file input-v2.txt (compact mmCIF, C-alpha atoms)
# COMPACT_ATOMS: atom_id res chain seq x y z
CA MET A 14 126.59 64.47 112.46
CA TRP A 15 124.19 61.79 113.62
CA THR A 16 120.57 62.91 113.21
CA GLY A 17 118.60 59.99 114.58
CA LYS A 18 116.54 57.18 112.98
CA PRO A 19 119.45 54.77 113.42
CA ALA A 20 117.64 51.65 112.22
CA SER A 21 116.51 53.15 108.91
CA GLN A 22 119.91 54.76 108.30
CA TRP A 23 121.69 51.48 108.95
CA LEU A 24 119.33 49.83 106.48
CA MET A 25 120.16 52.48 103.91
CA VAL A 26 123.88 52.01 104.44
CA VAL A 27 123.62 48.23 104.24
CA GLY A 28 121.35 48.55 101.21
CA SER A 29 123.83 50.84 99.46
CA PHE A 30 126.69 48.44 100.09
CA THR A 31 124.58 45.53 98.85
CA LEU A 32 123.66 47.46 95.70
CA PHE A 33 127.29 48.43 95.13
CA ALA A 34 128.39 44.84 95.64
CA CYS A 35 125.76 43.65 93.15
CA VAL A 36 126.86 46.20 90.53
CA ALA A 37 130.51 45.32 91.09
CA GLN A 38 129.67 41.66 90.79
CA THR A 39 127.78 42.26 87.54
CA VAL A 40 130.68 44.22 86.03
CA SER A 41 133.14 41.62 87.22
CA THR A 42 131.08 38.80 85.76
CA ALA A 43 130.70 40.65 82.46
CA GLU A 44 134.46 41.20 82.29
CA GLN A 45 135.13 37.58 83.08
CA SER A 46 132.74 36.39 80.40
CA LYS A 47 134.70 38.07 77.60
CA PRO A 48 137.61 36.29 75.97
CA ASN A 49 141.07 37.88 75.93
CA VAL A 50 141.74 39.89 72.82
CA ALA A 51 144.99 41.10 71.31
CA TRP A 52 146.24 44.63 71.99
CA TRP A 53 145.33 45.90 68.53
CA TYR A 54 141.66 45.69 69.47
CA ASP A 55 142.13 47.85 72.58
CA ILE A 56 144.62 50.53 71.60
CA GLU A 57 143.41 53.93 70.43
CA PHE A 58 145.12 56.94 68.89
CA GLN A 59 143.95 60.52 69.15
CA PRO A 60 143.52 62.62 66.01
CA THR A 61 145.33 65.73 67.26
CA ALA A 62 147.32 67.05 64.30
CA ASN A 63 146.55 69.55 61.57
CA VAL A 64 149.37 68.21 59.41
CA VAL A 65 150.20 64.55 58.69
CA HIS A 66 153.12 63.39 56.56
CA GLY A 67 153.63 67.04 55.61
CA LEU A 68 150.05 67.45 54.39
CA ASN A 69 147.37 69.69 55.82
CA VAL A 70 144.64 67.23 56.81
CA ARG A 71 142.02 69.28 54.94
CA THR A 72 143.83 68.57 51.68
CA ILE A 73 143.27 64.86 52.31
CA ASP A 74 139.61 65.39 53.16
CA GLU A 75 138.05 68.84 53.28
CA HIS A 76 135.65 67.69 56.00
CA TRP A 77 138.40 66.63 58.39
CA GLN A 78 139.31 68.77 61.34
CA ARG A 79 142.23 66.82 62.71
CA ALA A 80 144.05 63.60 62.01
CA TYR A 81 147.04 61.57 63.12
CA ALA A 82 149.33 59.28 61.15
CA LEU A 83 150.29 56.17 63.09
CA ASP A 84 153.94 55.65 63.98
CA VAL A 85 155.73 52.83 65.77
CA ILE A 86 156.92 55.33 68.37
CA ASP A 87 153.28 55.66 69.51
CA LEU A 88 153.34 52.03 70.63
CA GLN A 89 156.21 52.63 73.07
CA GLY A 90 155.05 52.29 76.66
CA ARG A 91 151.55 51.30 75.62
CA ILE A 92 152.16 47.68 74.71
CA PRO A 93 154.88 45.26 75.87
CA GLN A 94 158.29 45.61 74.25
CA ASP A 95 158.15 42.10 72.78
CA GLU A 96 154.87 42.99 71.06
CA ILE A 97 156.58 46.01 69.46
CA LYS A 98 159.37 43.71 68.29
CA ARG A 99 156.79 41.34 66.79
CA PHE A 100 155.12 44.22 64.97
CA ASN A 101 158.46 45.47 63.63
CA ALA A 102 159.36 41.95 62.50
CA SER A 103 156.03 41.46 60.73
CA PRO A 104 155.35 42.53 57.12
CA LEU A 105 152.71 44.96 58.39
CA LYS A 106 153.74 48.63 58.34
CA PHE A 107 152.11 51.96 59.09
CA ALA A 108 153.35 53.35 55.76
CA VAL A 109 154.37 51.65 52.51
CA THR A 110 155.41 52.66 49.01
CA SER A 111 154.11 50.91 45.92
CA ASP A 112 153.55 51.75 42.27
CA LEU A 113 150.05 50.27 42.11
CA ASP A 114 148.95 52.19 39.03
CA GLY A 115 152.15 51.19 37.21
CA ASP A 116 152.99 54.65 35.93
CA GLY A 117 156.58 54.45 37.12
CA ALA A 118 156.07 56.94 39.95
CA PRO A 119 155.46 55.18 43.27
CA GLU A 120 152.59 56.11 45.54
CA ASN A 121 152.90 56.49 49.30
CA PHE A 122 150.28 54.84 51.48
CA PHE A 123 149.89 55.59 55.17
CA VAL A 124 147.33 54.91 57.86
CA GLY A 125 145.96 56.96 60.71
CA VAL A 126 142.92 58.24 62.51
CA TYR A 127 140.80 61.29 61.76
CA GLU A 128 138.14 63.47 63.28
CA GLY A 129 135.68 65.30 61.05
CA ALA A 130 134.36 68.80 61.60
CA ASP A 131 131.10 67.16 62.69
CA GLY A 132 132.93 65.21 65.41
CA ARG A 133 132.78 61.85 63.67
CA LYS A 134 135.95 59.81 64.01
CA GLY A 135 137.50 56.82 62.35
CA ARG A 136 140.49 55.21 60.67
CA PHE A 137 141.89 56.06 57.26
CA VAL A 138 144.41 55.07 54.67
CA ALA A 139 145.73 57.88 52.49
CA ILE A 140 147.41 57.61 49.08
CA THR A 141 149.82 60.36 48.04
CA ARG A 142 152.42 60.96 45.38
CA ASN A 143 155.21 63.54 45.56
CA GLY A 144 153.58 65.12 48.58
CA ARG A 145 150.16 65.49 46.92
CA PRO A 146 147.09 63.56 48.11
CA LEU A 147 145.58 61.29 45.46
CA GLN A 148 142.85 59.47 47.36
CA ARG A 149 141.84 58.31 50.81
CA PHE A 150 139.64 55.58 52.21
CA GLU A 151 138.11 55.67 55.63
CA GLU A 152 136.16 53.59 58.11
CA GLU A 153 134.06 55.53 60.56
CA GLY A 154 134.01 54.31 64.15
CA SER A 155 137.12 53.06 65.89
CA ILE A 156 140.20 55.32 66.17
CA GLY A 157 142.32 52.26 66.66
CA PHE A 158 145.07 50.27 65.03
CA SER A 159 145.45 49.59 61.35
CA ALA A 160 148.42 48.74 59.16
CA LEU A 161 149.38 48.04 55.57
CA LEU A 162 150.91 45.11 53.76
CA LYS A 163 152.41 45.51 50.32
CA GLY A 164 151.30 42.80 47.90
CA GLU A 165 151.84 42.03 44.22
CA ALA A 166 149.04 44.08 42.69
CA GLU A 167 147.45 45.38 45.84
CA VAL A 168 148.10 47.03 49.16
CA ARG A 169 146.23 45.33 51.97
CA TRP A 170 144.66 47.34 54.76
CA TYR A 171 144.58 45.32 58.00
CA LYS A 172 142.94 46.31 61.27
CA CYS A 173 144.47 43.34 63.04
CA MET A 174 147.60 41.18 63.10
CA GLU A 175 147.75 37.38 63.00
CA CYS A 176 144.44 37.40 61.19
CA GLY A 177 142.95 36.75 57.79
CA GLU A 178 140.63 39.72 57.46
CA PHE A 179 141.78 42.67 55.36
CA GLU A 180 140.64 45.04 52.65
CA SER A 181 142.51 45.38 49.36
CA ILE A 182 143.44 48.63 47.67
CA LYS A 183 143.70 48.03 43.93
CA TRP A 184 144.12 50.06 40.77
CA THR A 185 141.33 49.44 38.27
CA GLY A 186 142.98 51.29 35.43
CA GLN A 187 141.03 54.40 36.23
CA ALA A 188 141.00 54.74 40.01
CA PHE A 189 142.12 53.22 43.29
CA VAL A 190 139.39 51.11 44.83
CA LEU A 191 138.96 49.39 48.16
CA GLU A 192 137.39 45.95 48.25
CA MET B 17 162.29 23.33 95.64
CA LEU B 18 161.24 25.62 92.83
CA GLY B 19 161.20 22.65 90.47
CA GLN B 20 158.91 20.75 92.84
CA ILE B 21 156.51 23.67 93.05
CA LYS B 22 156.53 24.01 89.27
CA ASP B 23 155.87 20.27 88.80
CA SER B 24 152.99 20.27 91.24
CA PHE B 25 151.55 23.36 89.54
CA VAL B 26 151.65 21.64 86.15
CA ARG B 27 149.94 18.54 87.54
CA TYR B 28 147.33 20.72 89.27
CA GLU B 29 146.76 22.65 86.08
CA ASP B 30 146.30 19.46 84.04
CA LYS B 31 143.89 18.09 86.64
CA THR B 32 141.89 21.33 86.60
CA VAL B 33 141.62 21.25 82.84
CA THR B 34 140.23 17.73 82.92
CA SER B 35 137.70 18.43 85.66
CA HIS B 36 136.40 21.55 83.92
CA GLN B 37 135.96 20.03 80.50
CA THR B 38 132.36 19.56 79.50
CA GLN B 39 130.68 18.70 76.25
CA THR B 40 128.12 21.51 76.62
CA ARG B 41 127.93 23.55 73.44
CA PRO B 42 128.90 27.18 74.17
CA ALA B 43 126.33 29.89 73.48
CA ASN B 44 128.46 31.56 70.80
CA ILE B 45 131.93 31.70 69.29
CA ASP B 46 133.25 34.11 71.95
CA GLN B 47 132.12 31.81 74.75
CA LEU B 48 133.83 28.94 72.96
CA ILE B 49 137.11 30.87 72.78
CA LEU B 50 136.72 31.85 76.45
CA THR B 51 136.27 28.20 77.37
CA ILE B 52 139.44 27.25 75.51
CA GLN B 53 141.38 30.11 77.09
CA ARG B 54 140.37 28.93 80.56
CA GLU B 55 141.09 25.29 79.90
CA TYR B 56 144.48 25.95 78.30
CA PRO B 57 145.86 29.07 80.02
CA ALA B 58 149.46 28.18 79.21
CA ALA B 59 148.70 28.26 75.48
CA GLY B 60 148.38 32.06 75.60
CA ILE B 61 145.40 32.06 73.27
CA ARG B 62 143.82 35.42 72.45
CA ILE B 63 141.46 36.65 69.79
CA THR B 64 143.51 38.21 67.01
CA GLY B 65 140.92 38.70 64.29
CA ARG B 66 137.24 39.02 63.63
CA ALA B 67 135.33 38.72 60.41
CA ARG B 68 134.09 41.71 58.47
CA THR B 69 130.81 43.17 59.72
CA ILE B 70 127.74 43.46 57.49
CA ARG B 71 127.90 47.23 57.98
CA ARG B 72 131.47 47.39 56.69
CA GLN B 73 130.66 45.18 53.71
CA ALA B 74 127.74 47.52 52.90
CA GLU B 75 130.03 50.57 53.16
CA LEU B 76 132.58 49.05 50.78
CA MET B 77 129.92 48.12 48.23
CA ALA B 78 128.32 51.55 48.53
CA GLN B 79 131.69 53.22 47.93
CA ARG B 80 132.24 51.07 44.85
CA ILE B 81 128.91 51.74 43.19
CA ARG B 82 129.11 55.47 43.94
CA ALA B 83 132.60 55.64 42.44
CA ASN B 84 131.77 53.72 39.27
CA ARG B 85 128.52 51.81 38.70
CA GLN B 86 129.81 49.82 35.74
CA GLU B 87 132.88 48.71 37.66
CA PHE B 88 130.65 47.69 40.54
CA LEU B 89 128.58 45.49 38.21
CA ASN B 90 131.76 43.99 36.74
CA THR B 91 133.26 43.30 40.16
CA TYR B 92 130.37 41.47 41.77
CA ARG B 93 128.87 38.32 40.30
CA ALA B 94 125.28 38.73 39.12
CA ALA B 95 122.87 37.95 41.95
CA PRO B 96 119.48 39.21 43.11
CA HIS B 97 121.02 41.37 45.85
CA ILE B 98 123.41 43.01 43.35
CA THR B 99 120.46 43.81 41.07
CA GLU B 100 118.59 45.17 44.07
CA MET B 101 121.53 47.41 45.04
CA ASP B 102 121.92 48.64 41.47
CA GLN B 103 118.21 49.43 41.16
CA TRP B 104 118.17 51.29 44.46
CA PHE B 105 121.28 53.27 43.51
CA THR B 106 119.89 54.14 40.07
CA GLN B 107 116.64 55.35 41.63
CA ASN B 108 118.41 57.27 44.42
CA ARG B 109 121.28 59.02 42.67
CA ARG B 110 121.27 61.89 45.16
CA ALA B 111 121.58 59.63 48.20
CA THR B 112 124.60 60.24 50.42
CA ALA B 113 127.25 57.62 51.08
CA ALA B 114 125.78 57.03 54.52
CA GLN B 115 122.24 56.60 53.15
CA THR B 116 123.50 54.19 50.51
CA SER B 117 125.38 52.18 53.15
CA VAL B 118 122.30 51.92 55.35
CA GLU B 119 120.16 50.67 52.46
CA PHE B 120 122.84 48.25 51.26
CA GLU B 121 123.11 46.87 54.79
CA ARG B 122 119.38 46.12 54.71
CA ILE B 123 119.72 44.46 51.30
CA ILE B 124 122.61 42.31 52.54
CA GLN B 125 120.68 41.26 55.64
CA ARG B 126 117.69 40.25 53.53
CA ALA B 127 119.94 38.37 51.10
CA ARG B 128 121.67 36.50 53.92
CA ALA B 129 118.29 35.60 55.39
CA ARG B 130 117.52 33.98 52.03
CA GLY B 131 120.78 32.06 52.25
CA ALA B 132 122.80 34.10 49.75
CA ILE B 133 126.58 34.27 50.14
CA ILE B 134 127.63 37.90 50.00
CA SER B 135 131.35 37.64 50.72
CA ASN B 136 133.74 35.04 52.04
CA HIS B 137 134.95 37.72 54.49
CA LEU B 138 131.51 37.95 56.07
CA SER B 139 130.75 35.74 59.03
CA ASP B 140 129.19 36.20 62.46
CA THR B 141 130.59 32.94 63.71
CA ALA B 142 134.29 33.05 62.89
CA ARG B 143 137.27 34.30 64.88
CA ASP B 144 141.01 34.19 64.37
CA ILE B 145 143.05 33.27 67.41
CA SER B 146 146.76 33.37 68.12
CA TRP B 147 148.77 30.28 67.32
CA PRO B 148 148.73 28.40 70.65
CA ILE B 149 151.95 28.00 72.60
CA GLY B 150 152.80 24.32 73.05
CA THR B 151 154.06 21.14 71.50
CA ASN B 152 152.45 19.58 68.44
CA GLN B 153 150.73 17.13 70.76
CA GLN B 154 149.31 19.96 72.88
CA LEU B 155 148.17 21.82 69.77
CA ASP B 156 146.40 18.70 68.54
CA ALA B 157 144.68 18.37 71.92
CA ILE B 158 143.48 21.98 71.79
CA GLU B 159 142.20 21.53 68.25
CA ALA B 160 140.38 18.34 69.24
CA ARG B 161 138.81 20.17 72.18
CA ILE B 162 137.61 23.02 69.92
CA GLN B 163 136.08 20.45 67.59
CA ALA B 164 134.41 18.69 70.52
CA LEU B 165 132.81 22.02 71.44
CA GLY B 166 131.32 22.23 67.94
CA ALA B 167 133.73 24.37 65.91
CA THR B 168 136.20 23.74 63.11
CA VAL B 169 139.82 24.86 63.00
CA ILE B 170 141.89 25.86 60.00
CA ARG B 171 145.55 26.31 60.82
CA GLU B 172 147.03 29.23 58.87
CA PRO B 173 150.81 28.93 59.36
CA ASN B 174 151.68 31.02 56.30
CA ALA B 175 149.10 33.81 56.51
CA ALA B 176 150.57 37.10 55.26
CA GLY B 177 149.28 38.98 58.28
CA GLY B 178 150.86 36.49 60.69
CA ARG B 179 150.23 32.84 61.54
CA HIS B 180 147.02 32.08 63.37
CA TRP B 181 144.17 29.62 63.75
CA HIS B 182 140.86 30.34 62.06
CA VAL B 183 138.00 29.05 64.19
CA ASP B 184 134.54 28.74 62.66
CA TRP B 185 131.62 27.86 64.87
call {"tool": "encode", "arguments": {"input": "input-v2.txt", "output": "structure tokens"}}
result
Amino acid sequence: MWTGKPASQWLMVVGSFTLFACVAQTVSTAEQSKPNVAWWYDIEFQPTANVVHGLNVRTIDEHWQRAYALDVIDLQGRIPQDEIKRFNASPLKFAVTSDLDGDGAPENFFVGVYEGADGRKGRFVAITRNGRPLQRFEEEGSIGFSALLKGEAEVRWYKCMECGEFESIKWTGQAFVLE
Amino acid sequence: MLGQIKDSFVRYEDKTVTSHQTQTRPANIDQLILTIQREYPAAGIRITGRARTIRRQAELMAQRIRANRQEFLNTYRAAPHITEMDQWFTQNRRATAAQTSVEFERIIQRARARGAIISNHLSDTARDISWPIGTNQQLDAIEARIQALGATVIREPNAAGGRHWHVDW
């Protein structure tokens, strides 16, 4: 319904379009001024499970509410097929087995995302043996990609591929440490 | 016909690259990578890795000292910032992990401002990028262009996490 004051209403309409165009331009410019990044910086996983790798998440960390262990199947349909092939062909895995403490009984390491009872989220790597949690390390913030690489006397925790940045899980003789 | 179109596209692309190249130093490492991506679109370059943040370094060091103080002192080479962390931790035994991380982050920032090297993983000016698609000659041209823009390139063909270029600006 037209209610009069055509000139001022036209100005408002034109003004709104101008404002919208300016905002759109700003967003567009901001997007264009960022370099392309690999998929592992964009992908996210939702911590939706109470049990991961057969373990109640609260036995891994009593403050956790939910978690999710990453699996290659979660990449299907979210990244190109050739990227999945590249991940599968790489030495990076979502779960590895290694006897880091040298006691003859191998430990299982797996990565995932968690959400605490206080709502804080992040990524984790859990260490278990015979279905019992031994230790976990976490990084609050992103609920994104991470993967493991089995080394000689360490298990590396990567949050990227084709990169040189990682954290090392080592056995000190008394405990697993992350450095 | 298709071949002709393809050839003309390649020539056009080469011409565009030349006309857009400037010697202006980019504002930061991300702008430098963006410049290279635009000038060499066929190389498929993308950022694949970033350096560790100061916050994360502080978290790791806080976790270590809280787990075992003596191990922490054995792990890190003696330096004023390590002494500072140890003193703070000793005087604040009841501090939470988060509080310790926040304080350690401040200590690291102060140490870096003094010029101390905290960790080789720590850098605000480094990125890893995907290994460019192209011939050796094209790769050399891209590397030369990155250098002309003020950065250095280390080619990492055998990196355990996958081959890449490390660009430090």
call {"tool": "closest_atom_pairs", "arguments": {"input": "input-v2.txt", "of": "chain A", "to": "chain B", "cutoff": "8 Å", "atoms": "all atoms listed in the file", "output": "Markdown table"}}
result
| residue | atom | partner | partner_atom | distance |
| --- | --- | --- | --- | --- |
| A:Ser46 | CA | B:Leu50 | CA | 7.2 |
| A:Lys47 | CA | B:Leu50 | CA | 6.6 |
| A:Pro48 | CA | B:Leu50 | CA | 4.6 |
| A:Asn49 | CA | B:Arg62 | CA | 5.1 |
| A:Val50 | CA | B:Ile63 | CA | 4.4 |
| A:Ala51 | CA | B:Thr64 | CA | 5.4 |
| A:Ser103 | CA | B:Gly178 | CA | 7.2 |
| A:Pro104 | CA | B:Gly177 | CA | 7.1 |
| A:Leu105 | CA | B:Gly177 | CA | 6.9 |
| A:Glu152 | CA | B:Arg72 | CA | 7.9 |
| A:Leu162 | CA | B:Gly177 | CA | 7.8 |
| A:Tyr171 | CA | B:Gly177 | CA | 7.9 |
| A:Cys173 | CA | B:Gly65 | CA | 6.0 |
| A:Met174 | CA | B:Gly177 | CA | 5.6 |
| A:Glu175 | CA | B:Gly178 | CA | 4.0 |
| A:Cys176 | CA | B:Gly65 | CA | 4.9 |
| A:Gly177 | CA | B:Gly177 | CA | 6.7 |
| A:Glu178 | CA | B:Ala67 | CA | 6.1 |
| A:Val190 | CA | B:Arg80 | CA | 7.2 |
| A:Leu191 | CA | B:Leu76 | CA | 6.9 |
| A:Glu192 | CA | B:Leu76 | CA | 6.3 |
call {"tool": "atom_distance", "arguments": {"input": "input-v2.txt", "atom1": "CA of Phe122 (chain A)", "atom2": "CA of Thr110 (chain A)"}}
result
6.1 Å
call {"tool": "closest_residue", "arguments": {"input": "input-v2.txt", "among": "B:Ala59, B:Ile70, B:Ile98, B:Val169", "to": "Gly150 (chain B)", "atoms": "all atoms listed in the file"}}
result
B:Ala59
call {"tool": "residues_around", "arguments": {"input": "input-v2.txt", "residues": "Trp52 (chain A)", "least_positions_apart": "2", "cutoff": "9 Å", "atoms": "all atoms listed in the file", "output": "PyMOL selection string"}}
result
(chain A and resi 50+54-56+92+96) or (chain B and resi 64)
call {"tool": "atom_distance", "arguments": {"input": "input-v2.txt", "atom1": "CA of Ala160 (chain A)", "atom2": "CA of Phe107 (chain A)"}}
result
4.9 Å
call {"tool": "atom_distance", "arguments": {"input": "input-v2.txt", "atom1": "CA of Asp184 (chain B)", "atom2": "CA of Glu180 (chain A)"}}
result
20.1 Å
call {"tool": "residues_around", "arguments": {"input": "input-v2.txt", "residues": "Val138 (chain A)", "least_positions_apart": "6", "cutoff": "7 Å", "atoms": "all atoms listed in the file", "output": "PyMOL selection string"}}
result
chain A and resi 122-125+149-151
call {"tool": "residues_around", "arguments": {"input": "input-v2.txt", "residues": "Ala95 (chain B)", "least_positions_apart": "6", "cutoff": "10 Å", "atoms": "all atoms listed in the file", "output": "list in words"}}
result
Ala127, Ala132, Ile133 and Ile134 of chain B
call {"tool": "residues_around", "arguments": {"input": "input-v2.txt", "residues": "Asp116 (chain A)", "least_positions_apart": "4", "cutoff": "12 Å", "atoms": "only C-alpha atoms", "output": "PyMOL selection string"}}
result
chain A and resi 111-112+120+142+184+186-187
call {"tool": "residues_around", "arguments": {"input": "input-v2.txt", "residues": "Asp102 (chain B)", "least_positions_apart": "4", "cutoff": "10 Å", "atoms": "only C-alpha atoms", "output": "PyMOL selection string"}}
result
chain B and resi 78+81+85-86+88-89+96-98+106-108+120
call {"tool": "decode", "arguments": {"input": "input-v2.txt", "residues": "region 99-124 of chain A", "atoms": "N, CA and C atoms", "output": "PDB file, in the first residue's frame"}}
result
ATOM      1  N   ARG A  99      44.292 -38.619  -1.852  1.00  0.00           N
ATOM      2  CA  ARG A  99      45.594 -38.090  -1.405  1.00  0.00           C
ATOM      3  C   ARG A  99      45.776 -38.292   0.090  1.00  0.00           C
ATOM      4  N   PHE A 100      44.683 -38.096   0.848  1.00  0.00           N
ATOM      5  CA  PHE A 100      44.786 -38.318   2.292  1.00  0.00           C
ATOM      6  C   PHE A 100      45.070 -39.791   2.577  1.00  0.00           C
ATOM      7  N   ASN A 101      44.326 -40.674   1.892  1.00  0.00           N
ATOM      8  CA  ASN A 101      44.522 -42.110   2.125  1.00  0.00           C
ATOM      9  C   ASN A 101      45.931 -42.561   1.729  1.00  0.00           C
ATOM     10  N   ALA A 102      46.486 -41.910   0.723  1.00  0.00           N
ATOM     11  CA  ALA A 102      47.834 -42.288   0.262  1.00  0.00           C
ATOM     12  C   ALA A 102      48.935 -41.679   1.133  1.00  0.00           C
ATOM     13  N   SER A 103      48.580 -40.724   1.953  1.00  0.00           N
ATOM     14  CA  SER A 103      49.590 -40.053   2.778  1.00  0.00           C
ATOM     15  C   SER A 103      49.868 -40.881   4.039  1.00  0.00           C
ATOM     16  N   PRO A 104      50.965 -40.592   4.731  1.00  0.00           N
ATOM     17  CA  PRO A 104      51.250 -41.330   5.981  1.00  0.00           C
ATOM     18  C   PRO A 104      50.402 -40.840   7.156  1.00  0.00           C
ATOM     19  N   LEU A 105      49.612 -39.795   6.941  1.00  0.00           N
ATOM     20  CA  LEU A 105      48.770 -39.280   8.020  1.00  0.00           C
ATOM     21  C   LEU A 105      47.513 -40.141   8.170  1.00  0.00           C
ATOM     22  N   LYS A 106      47.186 -40.451   9.406  1.00  0.00           N
ATOM     23  CA  LYS A 106      46.015 -41.295   9.702  1.00  0.00           C
ATOM     24  C   LYS A 106      45.236 -40.697  10.863  1.00  0.00           C
ATOM     25  N   PHE A 107      43.963 -41.072  10.949  1.00  0.00           N
ATOM     26  CA  PHE A 107      43.145 -40.605  12.070  1.00  0.00           C
ATOM     27  C   PHE A 107      43.380 -41.454  13.326  1.00  0.00           C
ATOM     28  N   ALA A 108      43.941 -42.636  13.154  1.00  0.00           N
ATOM     29  CA  ALA A 108      44.250 -43.497  14.302  1.00  0.00           C
ATOM     30  C   ALA A 108      45.497 -44.314  13.981  1.00  0.00           C
ATOM     31  N   VAL A 109      46.395 -44.423  14.940  1.00  0.00           N
ATOM     32  CA  VAL A 109      47.610 -45.223  14.754  1.00  0.00           C
ATOM     33  C   VAL A 109      47.869 -46.053  16.012  1.00  0.00           C
ATOM     34  N   THR A 110      48.705 -47.062  15.834  1.00  0.00           N
ATOM     35  CA  THR A 110      49.119 -47.902  16.962  1.00  0.00           C
ATOM     36  C   THR A 110      50.631 -47.834  17.077  1.00  0.00           C
ATOM     37  N   SER A 111      51.116 -47.663  18.296  1.00  0.00           N
ATOM     38  CA  SER A 111      52.561 -47.576  18.495  1.00  0.00           C
ATOM     39  C   SER A 111      52.882 -47.914  19.947  1.00  0.00           C
ATOM     40  N   ASP A 112      53.985 -48.593  20.146  1.00  0.00           N
ATOM     41  CA  ASP A 112      54.403 -48.903  21.519  1.00  0.00           C
ATOM     42  C   ASP A 112      55.421 -47.854  21.964  1.00  0.00           C
ATOM     43  N   LEU A 113      54.928 -46.644  22.234  1.00  0.00           N
ATOM     44  CA  LEU A 113      55.842 -45.534  22.551  1.00  0.00           C
ATOM     45  C   LEU A 113      56.570 -45.759  23.869  1.00  0.00           C
ATOM     46  N   ASP A 114      55.884 -46.329  24.846  1.00  0.00           N
ATOM     47  CA  ASP A 114      56.539 -46.493  26.156  1.00  0.00           C
ATOM     48  C   ASP A 114      57.388 -47.756  26.221  1.00  0.00           C
ATOM     49  N   GLY A 115      57.379 -48.541  25.130  1.00  0.00           N
ATOM     50  CA  GLY A 115      58.279 -49.681  25.018  1.00  0.00           C
ATOM     51  C   GLY A 115      58.013 -50.814  25.998  1.00  0.00           C
ATOM     52  N   ASP A 116      56.788 -50.935  26.459  1.00  0.00           N
ATOM     53  CA  ASP A 116      56.509 -51.999  27.432  1.00  0.00           C
ATOM     54  C   ASP A 116      56.029 -53.290  26.764  1.00  0.00           C
ATOM     55  N   GLY A 117      56.034 -53.301  25.450  1.00  0.00           N
ATOM     56  CA  GLY A 117      55.627 -54.495  24.726  1.00  0.00           C
ATOM     57  C   GLY A 117      54.146 -54.548  24.401  1.00  0.00           C
ATOM     58  N   ALA A 118      53.372 -53.675  25.010  1.00  0.00           N
ATOM     59  CA  ALA A 118      51.931 -53.618  24.730  1.00  0.00           C
ATOM     60  C   ALA A 118      51.629 -52.308  24.003  1.00  0.00           C
ATOM     61  N   PRO A 119      51.246 -52.382  22.739  1.00  0.00           N
ATOM     62  CA  PRO A 119      51.066 -51.150  21.961  1.00  0.00           C
ATOM     63  C   PRO A 119      49.914 -50.278  22.459  1.00  0.00           C
ATOM     64  N   GLU A 120      50.103 -48.969  22.288  1.00  0.00           N
ATOM     65  CA  GLU A 120      49.048 -48.019  22.611  1.00  0.00           C
ATOM     66  C   GLU A 120      48.317 -47.625  21.328  1.00  0.00           C
ATOM     67  N   ASN A 121      47.039 -47.317  21.488  1.00  0.00           N
ATOM     68  CA  ASN A 121      46.243 -46.809  20.371  1.00  0.00           C
ATOM     69  C   ASN A 121      46.090 -45.299  20.517  1.00  0.00           C
ATOM     70  N   PHE A 122      46.322 -44.608  19.423  1.00  0.00           N
ATOM     71  CA  PHE A 122      46.193 -43.150  19.405  1.00  0.00           C
ATOM     72  C   PHE A 122      45.100 -42.803  18.396  1.00  0.00           C
ATOM     73  N   PHE A 123      44.187 -41.939  18.769  1.00  0.00           N
ATOM     74  CA  PHE A 123      43.204 -41.477  17.785  1.00  0.00           C
ATOM     75  C   PHE A 123      42.840 -40.026  18.043  1.00  0.00           C
ATOM     76  N   VAL A 124      42.397 -39.372  16.973  1.00  0.00           N
ATOM     77  CA  VAL A 124      42.087 -37.941  17.060  1.00  0.00           C
ATOM     78  C   VAL A 124      40.587 -37.707  16.914  1.00  0.00           C
TER      79      VAL A 124
END
